[in-house]
>>> print(open('start_32.pdb').read())   # PDB, C-alpha atoms, pLDDT in the B column
ATOM      1  CA  MET A   1       6.145   2.830 -23.231  1.00 46.00           C
ATOM      2  CA  LYS A   2       4.718   4.523 -20.168  1.00 63.00           C
ATOM      3  CA  ASN A   3       2.760   2.241 -17.871  1.00 80.00           C
ATOM      4  CA  SER A   4      -0.615   3.291 -16.537  1.00 91.00           C
ATOM      5  CA  GLU A   5      -2.064   3.299 -13.040  1.00 92.00           C
ATOM      6  CA  ASP A   6      -3.994   0.176 -14.032  1.00 94.00           C
ATOM      7  CA  ASP A   7      -0.764  -1.597 -15.018  1.00 95.00           C
ATOM      8  CA  TYR A   8       0.847  -0.897 -11.646  1.00 97.00           C
ATOM      9  CA  LEU A   9      -2.327  -1.805  -9.742  1.00 97.00           C
ATOM     10  CA  ASN A  10      -2.507  -5.060 -11.698  1.00 97.00           C
ATOM     11  CA  GLU A  11       1.027  -5.814 -10.507  1.00 97.00           C
ATOM     12  CA  CYS A  12      -0.165  -5.067  -6.962  1.00 98.00           C
ATOM     13  CA  LEU A  13      -3.112  -7.428  -7.450  1.00 98.00           C
ATOM     14  CA  GLU A  14      -0.720 -10.228  -8.458  1.00 98.00           C
ATOM     15  CA  LEU A  15       1.278  -9.635  -5.276  1.00 98.00           C
ATOM     16  CA  ALA A  16      -1.957  -9.525  -3.256  1.00 98.00           C
ATOM     17  CA  ARG A  17      -2.960 -12.932  -4.652  1.00 98.00           C
ATOM     18  CA  ILE A  18       0.318 -14.340  -3.315  1.00 98.00           C
ATOM     19  CA  ALA A  19      -0.471 -12.870   0.109  1.00 98.00           C
ATOM     20  CA  LEU A  20      -3.951 -14.419  -0.003  1.00 97.00           C
ATOM     21  CA  ARG A  21      -2.505 -17.853  -0.877  1.00 97.00           C
ATOM     22  CA  ASN A  22      -0.225 -17.484   2.159  1.00 97.00           C
ATOM     23  CA  GLY A  23      -3.182 -16.753   4.443  1.00 95.00           C
ATOM     24  CA  ASP A  24      -2.482 -13.028   4.719  1.00 97.00           C
ATOM     25  CA  PRO A  25      -4.763 -10.122   3.865  1.00 97.00           C
ATOM     26  CA  PRO A  26      -4.598  -9.603   0.091  1.00 98.00           C
ATOM     27  CA  VAL A  27      -2.457  -6.507  -0.123  1.00 98.00           C
ATOM     28  CA  GLY A  28       0.283  -5.923  -2.661  1.00 98.00           C
ATOM     29  CA  CYS A  29       2.381  -2.825  -3.229  1.00 98.00           C
ATOM     30  CA  VAL A  30       4.876  -1.483  -5.755  1.00 98.00           C
ATOM     31  CA  ILE A  31       6.942   1.674  -5.683  1.00 98.00           C
ATOM     32  CA  VAL A  32       7.658   3.326  -9.017  1.00 98.00           C
ATOM     33  CA  VAL A  33      10.101   5.971 -10.240  1.00 98.00           C
ATOM     34  CA  GLU A  34      10.163   7.078 -13.868  1.00 95.00           C
ATOM     35  CA  ASP A  35       8.077   4.101 -15.035  1.00 95.00           C
ATOM     36  CA  GLU A  36      10.334   1.576 -13.284  1.00 96.00           C
ATOM     37  CA  ILE A  37       9.279  -0.533 -10.321  1.00 97.00           C
ATOM     38  CA  ILE A  38      11.995  -0.081  -7.708  1.00 98.00           C
ATOM     39  CA  GLY A  39      10.327  -1.903  -4.811  1.00 98.00           C
ATOM     40  CA  ARG A  40       7.710  -4.581  -4.159  1.00 98.00           C
ATOM     41  CA  GLY A  41       5.885  -5.690  -1.049  1.00 98.00           C
ATOM     42  CA  ILE A  42       3.570  -8.588  -0.254  1.00 98.00           C
ATOM     43  CA  GLU A  43       1.485  -8.461   2.926  1.00 98.00           C
ATOM     44  CA  SER A  44       2.815 -11.038   5.374  1.00 98.00           C
ATOM     45  CA  GLY A  45       1.958  -9.865   8.883  1.00 97.00           C
ATOM     46  CA  LYS A  46      -0.145 -12.913   9.764  1.00 96.00           C
ATOM     47  CA  SER A  47       2.094 -15.568   8.220  1.00 97.00           C
ATOM     48  CA  THR A  48       5.255 -14.133   9.802  1.00 97.00           C
ATOM     49  CA  LYS A  49       3.554 -13.089  13.049  1.00 97.00           C
ATOM     50  CA  ASP A  50       5.131  -9.641  12.591  1.00 98.00           C
ATOM     51  CA  VAL A  51       2.534  -6.877  12.449  1.00 97.00           C
ATOM     52  CA  THR A  52       4.984  -4.520  10.730  1.00 98.00           C
ATOM     53  CA  ASN A  53       5.130  -6.720   7.617  1.00 98.00           C
ATOM     54  CA  HIS A  54       2.546  -4.745   5.683  1.00 98.00           C
ATOM     55  CA  ALA A  55       2.952  -4.622   1.908  1.00 98.00           C
ATOM     56  CA  GLU A  56       3.700  -0.880   1.843  1.00 98.00           C
ATOM     57  CA  ILE A  57       6.389  -1.103   4.519  1.00 98.00           C
ATOM     58  CA  LEU A  58       7.934  -4.146   2.849  1.00 98.00           C
ATOM     59  CA  ALA A  59       8.027  -2.273  -0.475  1.00 98.00           C
ATOM     60  CA  ILE A  60       9.784   0.660   1.229  1.00 98.00           C
ATOM     61  CA  ARG A  61      12.229  -1.778   2.867  1.00 98.00           C
ATOM     62  CA  ASP A  62      12.849  -3.337  -0.560  1.00 98.00           C
ATOM     63  CA  VAL A  63      13.760   0.059  -2.017  1.00 98.00           C
ATOM     64  CA  ILE A  64      16.092   0.770   0.909  1.00 98.00           C
ATOM     65  CA  ALA A  65      17.708  -2.685   0.713  1.00 98.00           C
ATOM     66  CA  ARG A  66      18.531  -2.022  -2.945  1.00 97.00           C
ATOM     67  CA  GLY A  67      20.303   1.208  -1.978  1.00 97.00           C
ATOM     68  CA  ASN A  68      17.654   3.439  -3.537  1.00 97.00           C
ATOM     69  CA  ASP A  69      16.306   5.226  -0.475  1.00 97.00           C
ATOM     70  CA  GLN A  70      17.138   8.591  -2.091  1.00 97.00           C
ATOM     71  CA  LEU A  71      14.497   7.807  -4.768  1.00 98.00           C
ATOM     72  CA  LEU A  72      11.589   7.497  -2.326  1.00 98.00           C
ATOM     73  CA  GLY A  73      11.048  11.265  -2.317  1.00 97.00           C
ATOM     74  CA  LYS A  74      10.301  11.237  -6.038  1.00 97.00           C
ATOM     75  CA  SER A  75       8.391   7.976  -6.269  1.00 98.00           C
ATOM     76  CA  ALA A  76       4.797   6.855  -6.517  1.00 98.00           C
ATOM     77  CA  LEU A  77       3.478   4.139  -4.223  1.00 98.00           C
ATOM     78  CA  TYR A  78       0.750   1.875  -5.629  1.00 98.00           C
ATOM     79  CA  THR A  79      -1.187  -0.466  -3.366  1.00 98.00           C
ATOM     80  CA  THR A  80      -4.364  -2.499  -3.487  1.00 98.00           C
ATOM     81  CA  HIS A  81      -5.705  -1.078  -0.219  1.00 98.00           C
ATOM     82  CA  GLU A  82      -5.527   2.332   1.390  1.00 98.00           C
ATOM     83  CA  PRO A  83      -2.390   2.458   3.518  1.00 98.00           C
ATOM     84  CA  CYS A  84      -3.128   2.016   7.222  1.00 98.00           C
ATOM     85  CA  ILE A  85      -1.981   4.538   9.797  1.00 97.00           C
ATOM     86  CA  MET A  86       1.323   2.686  10.359  1.00 98.00           C
ATOM     87  CA  CYS A  87       2.118   2.568   6.651  1.00 98.00           C
ATOM     88  CA  SER A  88       0.971   6.158   6.209  1.00 98.00           C
ATOM     89  CA  TYR A  89       3.478   7.251   8.836  1.00 97.00           C
ATOM     90  CA  ALA A  90       6.275   5.555   6.843  1.00 98.00           C
ATOM     91  CA  ILE A  91       5.009   7.138   3.604  1.00 98.00           C
ATOM     92  CA  ARG A  92       5.080  10.589   5.178  1.00 98.00           C
ATOM     93  CA  HIS A  93       8.454   9.992   6.859  1.00 97.00           C
ATOM     94  CA  TYR A  94      10.044   9.124   3.502  1.00 97.00           C
ATOM     95  CA  LYS A  95       8.143  11.947   1.783  1.00 97.00           C
ATOM     96  CA  ILE A  96       6.654   9.734  -0.916  1.00 98.00           C
ATOM     97  CA  PRO A  97       4.771  12.304  -3.022  1.00 98.00           C
ATOM     98  CA  ILE A  98       2.126  10.138  -4.738  1.00 98.00           C
ATOM     99  CA  VAL A  99      -0.042   7.361  -3.305  1.00 98.00           C
ATOM    100  CA  VAL A 100      -2.392   5.391  -5.556  1.00 98.00           C
ATOM    101  CA  TYR A 101      -4.701   2.741  -4.118  1.00 98.00           C
ATOM    102  CA  GLY A 102      -7.601   0.551  -5.070  1.00 98.00           C
ATOM    103  CA  THR A 103      -9.972   0.438  -2.135  1.00 97.00           C
ATOM    104  CA  SER A 104     -10.441   2.406   1.070  1.00 96.00           C
ATOM    105  CA  VAL A 105     -10.028   1.044   4.576  1.00 94.00           C
ATOM    106  CA  ASN A 106     -12.230   3.500   6.419  1.00 92.00           C
ATOM    107  CA  HIS A 107     -11.642   2.298   9.987  1.00 94.00           C
ATOM    108  CA  ILE A 108      -7.795   2.504  10.006  1.00 96.00           C
ATOM    109  CA  GLY A 109      -6.852   4.103   6.697  1.00 97.00           C
ATOM    110  CA  GLY A 110      -4.338   6.894   6.687  1.00 97.00           C
ATOM    111  CA  TYR A 111      -6.495   8.971   4.353  1.00 97.00           C
ATOM    112  CA  THR A 112     -10.184   8.233   4.968  1.00 97.00           C
ATOM    113  CA  SER A 113     -10.260   7.440   8.700  1.00 97.00           C
ATOM    114  CA  LYS A 114     -10.167   9.908  11.560  1.00 96.00           C
ATOM    115  CA  TYR A 115      -6.432   9.065  11.720  1.00 95.00           C
ATOM    116  CA  ASN A 116      -5.795  10.824   8.418  1.00 95.00           C
ATOM    117  CA  ILE A 117      -1.991  10.949   8.530  1.00 97.00           C
ATOM    118  CA  LEU A 118      -1.795  11.306   4.758  1.00 97.00           C
ATOM    119  CA  ARG A 119      -3.828  14.524   4.906  1.00 95.00           C
ATOM    120  CA  THR A 120      -2.390  16.314   7.921  1.00 94.00           C
ATOM    121  CA  ASP A 121      -0.195  19.394   7.698  1.00 91.00           C
ATOM    122  CA  ASP A 122       0.456  19.382  11.445  1.00 90.00           C
ATOM    123  CA  ILE A 123       3.920  17.790  11.324  1.00 88.00           C
ATOM    124  CA  ILE A 124       6.148  20.288   9.565  1.00 86.00           C
ATOM    125  CA  ASN A 125       9.086  17.882   9.041  1.00 91.00           C
ATOM    126  CA  TRP A 126       6.921  15.711   6.790  1.00 92.00           C
ATOM    127  CA  GLY A 127       6.673  18.386   4.133  1.00 91.00           C
ATOM    128  CA  PRO A 128       3.702  18.617   1.776  1.00 94.00           C
ATOM    129  CA  ARG A 129       0.986  15.996   1.784  1.00 96.00           C
ATOM    130  CA  PRO A 130       1.152  13.363  -0.920  1.00 98.00           C
ATOM    131  CA  THR A 131      -1.192  13.457  -3.868  1.00 98.00           C
ATOM    132  CA  ILE A 132      -3.781  10.712  -3.382  1.00 98.00           C
ATOM    133  CA  VAL A 133      -5.418   8.817  -6.235  1.00 98.00           C
ATOM    134  CA  ARG A 134      -7.983   6.255  -5.140  1.00 96.00           C
ATOM    135  CA  GLY A 135     -10.478   3.839  -6.604  1.00 96.00           C
ATOM    136  CA  ILE A 136      -8.161   2.354  -9.250  1.00 96.00           C
ATOM    137  CA  LEU A 137      -9.293  -1.244  -9.990  1.00 97.00           C
ATOM    138  CA  GLU A 138     -11.410  -0.981  -6.860  1.00 97.00           C
ATOM    139  CA  ASP A 139     -13.744  -3.861  -7.753  1.00 97.00           C
ATOM    140  CA  GLU A 140     -10.825  -6.242  -8.231  1.00 97.00           C
ATOM    141  CA  CYS A 141      -9.290  -5.187  -4.903  1.00 97.00           C
ATOM    142  CA  LEU A 142     -12.626  -5.591  -3.122  1.00 97.00           C
ATOM    143  CA  GLU A 143     -13.066  -9.066  -4.614  1.00 97.00           C
ATOM    144  CA  LEU A 144      -9.770 -10.202  -3.093  1.00 97.00           C
ATOM    145  CA  SER A 145     -10.883  -8.783   0.261  1.00 95.00           C
ATOM    146  CA  ARG A 146     -14.146 -10.727  -0.017  1.00 95.00           C
ATOM    147  CA  GLN A 147     -12.193 -13.916  -0.709  1.00 95.00           C
ATOM    148  CA  TYR A 148      -9.991 -13.292   2.329  1.00 95.00           C
ATOM    149  CA  ASN A 149     -13.002 -12.608   4.550  1.00 92.00           C
ATOM    150  CA  THR A 150     -14.659 -15.823   3.358  1.00 91.00           C
ATOM    151  CA  LEU A 151     -11.498 -17.803   4.145  1.00 85.00           C
ATOM    152  CA  THR A 152     -11.064 -16.311   7.614  1.00 83.00           C
ATOM    153  CA  GLU A 153     -14.755 -16.834   8.475  1.00 79.00           C
ATOM    154  CA  LYS A 154     -14.407 -20.550   7.666  1.00 67.00           C
ATOM    155  CA  ARG A 155     -11.477 -20.856  10.081  1.00 60.00           C
ATOM    156  CA  TRP A 156     -13.608 -19.775  13.017  1.00 47.00           C
TER     157      TRP A 156
END
>>> encode(input="start_32.pdb", output="structure tokens")
Amino acid sequence: MKNSEDDYLNECLELARIALRNGDPPVGCVIVVEDEIIGRGIESGKSTKDVTNHAEILAIRDVIARGNDQLLGKSALYTTHEPCIMCSYAIRHYKIPIVVYGTSVNHIGGYTSKYNILRTDDIINWGPRPTIVRGILEDECLELSRQYNTLTEKRW
């Protein structure tokens, strides 16, 4: 049975809840090819003190570690939050053709911010822009962000 965007975003939300429990921003990501999840990532930049440990990059690393890097160019990346500019660079580099996310991150997002790496045609080697689907389970993604913001405000 074919899974839906909601199914994959729900998987991302479960991963995001793990990140939140670890004190990280609540971002989870899965990469899918032909209705099979081939990579998962849980945001862990704060807990590992490594800024490159964003959920999207970790999901891409997971795919590569499993020897499936050749599948990235025909995959769909699902994530709770709009990929940031760093993650968007990786998405474009690996030519991931579909990006689906829950909520926008207007100040540093790779699609909605002024650093719109996911929309540019200026770098020829990247090939065509990915198809972007946004707003899937947005309320649920925003709720996790609110919980994270409440937790981080209490720490200060």
>>> residues_around(input="start_32.pdb", residues="Ala19 (chain A)", least_positions_apart="6", cutoff="9 Å", atoms="only C-alpha atoms", output="list in words")
Pro25, Pro26, Val27, Gly28, Ile42, Glu43, Ser44 and Ser47 of chain A
>>> write_last_selection(input="start_32.pdb", atoms="C-alpha atoms", output="CSV table (one decimal), keeping the file's coordinate frame")
chain,number,residue,atom,x,y,z
A,25,PRO,CA,-4.8,-10.1,3.9
A,26,PRO,CA,-4.6,-9.6,0.1
A,27,VAL,CA,-2.5,-6.5,-0.1
A,28,GLY,CA,0.3,-5.9,-2.7
A,42,ILE,CA,3.6,-8.6,-0.3
A,43,GLU,CA,1.5,-8.5,2.9
A,44,SER,CA,2.8,-11.0,5.4
A,47,SER,CA,2.1,-15.6,8.2
>>> residues_around(input="start_32.pdb", residues="Ser4 (chain A)", least_positions_apart="2", cutoff="12 Å", atoms="all atoms listed in the file", output="ChimeraX atom specification")
/A:1-2,6-11,32,34-36,76,78,100,136-137
>>> atom_distance(input="start_32.pdb", atom1="CA of Ile117 (chain A)", atom2="CA of Glu82 (chain A)")
11.7 Å
>>> residues_around(input="start_32.pdb", residues="Thr112 (chain A)", least_positions_apart="6", cutoff="10 Å", atoms="only C-alpha atoms", output="VMD selection string")
chain A and resid 82 to 84 104 to 106 118 to 119
>>> atom_distance(input="start_32.pdb", atom1="CA of Tyr101 (chain A)", atom2="CA of Val51 (chain A)")
20.5 Å
>>> resolve_selection(input="start_32.pdb", expression="the PyMOL selection byres ((chain A and resi 89) around 10)", output="PyMOL selection string")
chain A and resi 57+83-88+90-95+110+116-118+126
>>> closest_residue(input="start_32.pdb", among="A:Leu72, A:Ala59, A:Ala65, A:Leu151", to="Gly23 (chain A)", atoms="only C-alpha atoms")
A:Leu151
>>> resolve_selection(input="start_32.pdb", expression="the PyMOL selection byres ((chain A and resi 61) around 12)", output="number ranges by chain")
A: 29-31, 38-42, 52-60, 62-69, 72, 87, 90-91, 94
>>> axis_aligned_box(input="start_32.pdb", around="region 18-34 of chain A", padding_each_side="6 Å", output="AutoDock Vina command-line options")
--center_x 2.7 --center_y -5.4 --center_z -4.6 --size_x 26.9 --size_y 36.9 --size_z 30.6
>>> atom_distance(input="start_32.pdb", atom1="CA of Ile98 (chain A)", atom2="CA of Pro130 (chain A)")
5.1 Å
>>> resolve_selection(input="start_32.pdb", expression="the PyMOL selection byres ((chain A and resi 142) around 10)", output="VMD selection string")
chain A and resid 26 80 to 81 102 to 104 137 to 141 143 to 148
>>> closest_residue(input="start_32.pdb", among="A:Ile124, A:Leu71, A:Val99, A:Ile108", to="Val33 (chain A)", atoms="only C-alpha atoms")
A:Leu71
>>> build_atoms(input="start_32.pdb", residues="region 60-79 of chain A", atoms="N, CA and C atoms", output="PDB file, keeping the file's coordinate frame")
ATOM      1  N   ILE A  60       8.814  -0.381   0.839  1.00 98.00           N
ATOM      2  CA  ILE A  60       9.784   0.660   1.229  1.00 98.00           C
ATOM      3  C   ILE A  60      11.092   0.004   1.656  1.00 98.00           C
ATOM      4  N   ARG A  61      11.013  -1.066   2.449  1.00 98.00           N
ATOM      5  CA  ARG A  61      12.229  -1.778   2.867  1.00 98.00           C
ATOM      6  C   ARG A  61      12.975  -2.336   1.655  1.00 98.00           C
ATOM      7  N   ASP A  62      12.232  -2.808   0.652  1.00 98.00           N
ATOM      8  CA  ASP A  62      12.849  -3.337  -0.560  1.00 98.00           C
ATOM      9  C   ASP A  62      13.646  -2.245  -1.278  1.00 98.00           C
ATOM     10  N   VAL A  63      13.057  -1.067  -1.385  1.00 98.00           N
ATOM     11  CA  VAL A  63      13.760   0.059  -2.017  1.00 98.00           C
ATOM     12  C   VAL A  63      15.034   0.386  -1.245  1.00 98.00           C
ATOM     13  N   ILE A  64      14.932   0.440   0.071  1.00 98.00           N
ATOM     14  CA  ILE A  64      16.092   0.770   0.909  1.00 98.00           C
ATOM     15  C   ILE A  64      17.163  -0.310   0.785  1.00 98.00           C
ATOM     16  N   ALA A  65      16.750  -1.575   0.808  1.00 98.00           N
ATOM     17  CA  ALA A  65      17.708  -2.685   0.713  1.00 98.00           C
ATOM     18  C   ALA A  65      18.476  -2.668  -0.602  1.00 98.00           C
ATOM     19  N   ARG A  66      17.870  -2.117  -1.634  1.00 97.00           N
ATOM     20  CA  ARG A  66      18.531  -2.022  -2.945  1.00 97.00           C
ATOM     21  C   ARG A  66      19.397  -0.760  -3.062  1.00 97.00           C
ATOM     22  N   GLY A  67      19.476   0.012  -1.971  1.00 97.00           N
ATOM     23  CA  GLY A  67      20.303   1.208  -1.978  1.00 97.00           C
ATOM     24  C   GLY A  67      19.669   2.399  -2.672  1.00 97.00           C
ATOM     25  N   ASN A  68      18.338   2.376  -2.799  1.00 97.00           N
ATOM     26  CA  ASN A  68      17.654   3.439  -3.537  1.00 97.00           C
ATOM     27  C   ASN A  68      16.791   4.334  -2.649  1.00 97.00           C
ATOM     28  N   ASP A  69      17.129   4.424  -1.380  1.00 97.00           N
ATOM     29  CA  ASP A  69      16.306   5.226  -0.475  1.00 97.00           C
ATOM     30  C   ASP A  69      16.181   6.672  -0.929  1.00 97.00           C
ATOM     31  N   GLN A  70      17.189   7.209  -1.617  1.00 97.00           N
ATOM     32  CA  GLN A  70      17.138   8.591  -2.091  1.00 97.00           C
ATOM     33  C   GLN A  70      16.056   8.794  -3.149  1.00 97.00           C
ATOM     34  N   LEU A  71      15.547   7.703  -3.744  1.00 98.00           N
ATOM     35  CA  LEU A  71      14.497   7.807  -4.768  1.00 98.00           C
ATOM     36  C   LEU A  71      13.086   7.869  -4.179  1.00 98.00           C
ATOM     37  N   LEU A  72      12.939   7.530  -2.912  1.00 98.00           N
ATOM     38  CA  LEU A  72      11.589   7.497  -2.326  1.00 98.00           C
ATOM     39  C   LEU A  72      10.893   8.847  -2.416  1.00 98.00           C
ATOM     40  N   GLY A  73      11.625   9.931  -2.276  1.00 97.00           N
ATOM     41  CA  GLY A  73      11.048  11.265  -2.317  1.00 97.00           C
ATOM     42  C   GLY A  73      10.572  11.717  -3.684  1.00 97.00           C
ATOM     43  N   LYS A  74      10.822  10.914  -4.708  1.00 97.00           N
ATOM     44  CA  LYS A  74      10.301  11.237  -6.038  1.00 97.00           C
ATOM     45  C   LYS A  74       9.595  10.032  -6.659  1.00 97.00           C
ATOM     46  N   SER A  75       9.033   9.210  -5.808  1.00 98.00           N
ATOM     47  CA  SER A  75       8.391   7.976  -6.269  1.00 98.00           C
ATOM     48  C   SER A  75       6.870   8.066  -6.151  1.00 98.00           C
ATOM     49  N   ALA A  76       6.245   7.046  -6.692  1.00 98.00           N
ATOM     50  CA  ALA A  76       4.797   6.855  -6.517  1.00 98.00           C
ATOM     51  C   ALA A  76       4.603   5.476  -5.913  1.00 98.00           C
ATOM     52  N   LEU A  77       3.779   5.397  -4.891  1.00 98.00           N
ATOM     53  CA  LEU A  77       3.478   4.139  -4.223  1.00 98.00           C
ATOM     54  C   LEU A  77       2.097   3.689  -4.669  1.00 98.00           C
ATOM     55  N   TYR A  78       2.004   2.475  -5.180  1.00 98.00           N
ATOM     56  CA  TYR A  78       0.750   1.875  -5.629  1.00 98.00           C
ATOM     57  C   TYR A  78       0.440   0.709  -4.712  1.00 98.00           C
ATOM     58  N   THR A  79      -0.802   0.614  -4.270  1.00 98.00           N
ATOM     59  CA  THR A  79      -1.187  -0.466  -3.366  1.00 98.00           C
ATOM     60  C   THR A  79      -2.661  -0.810  -3.562  1.00 98.00           C
TER      61      THR A  79
END
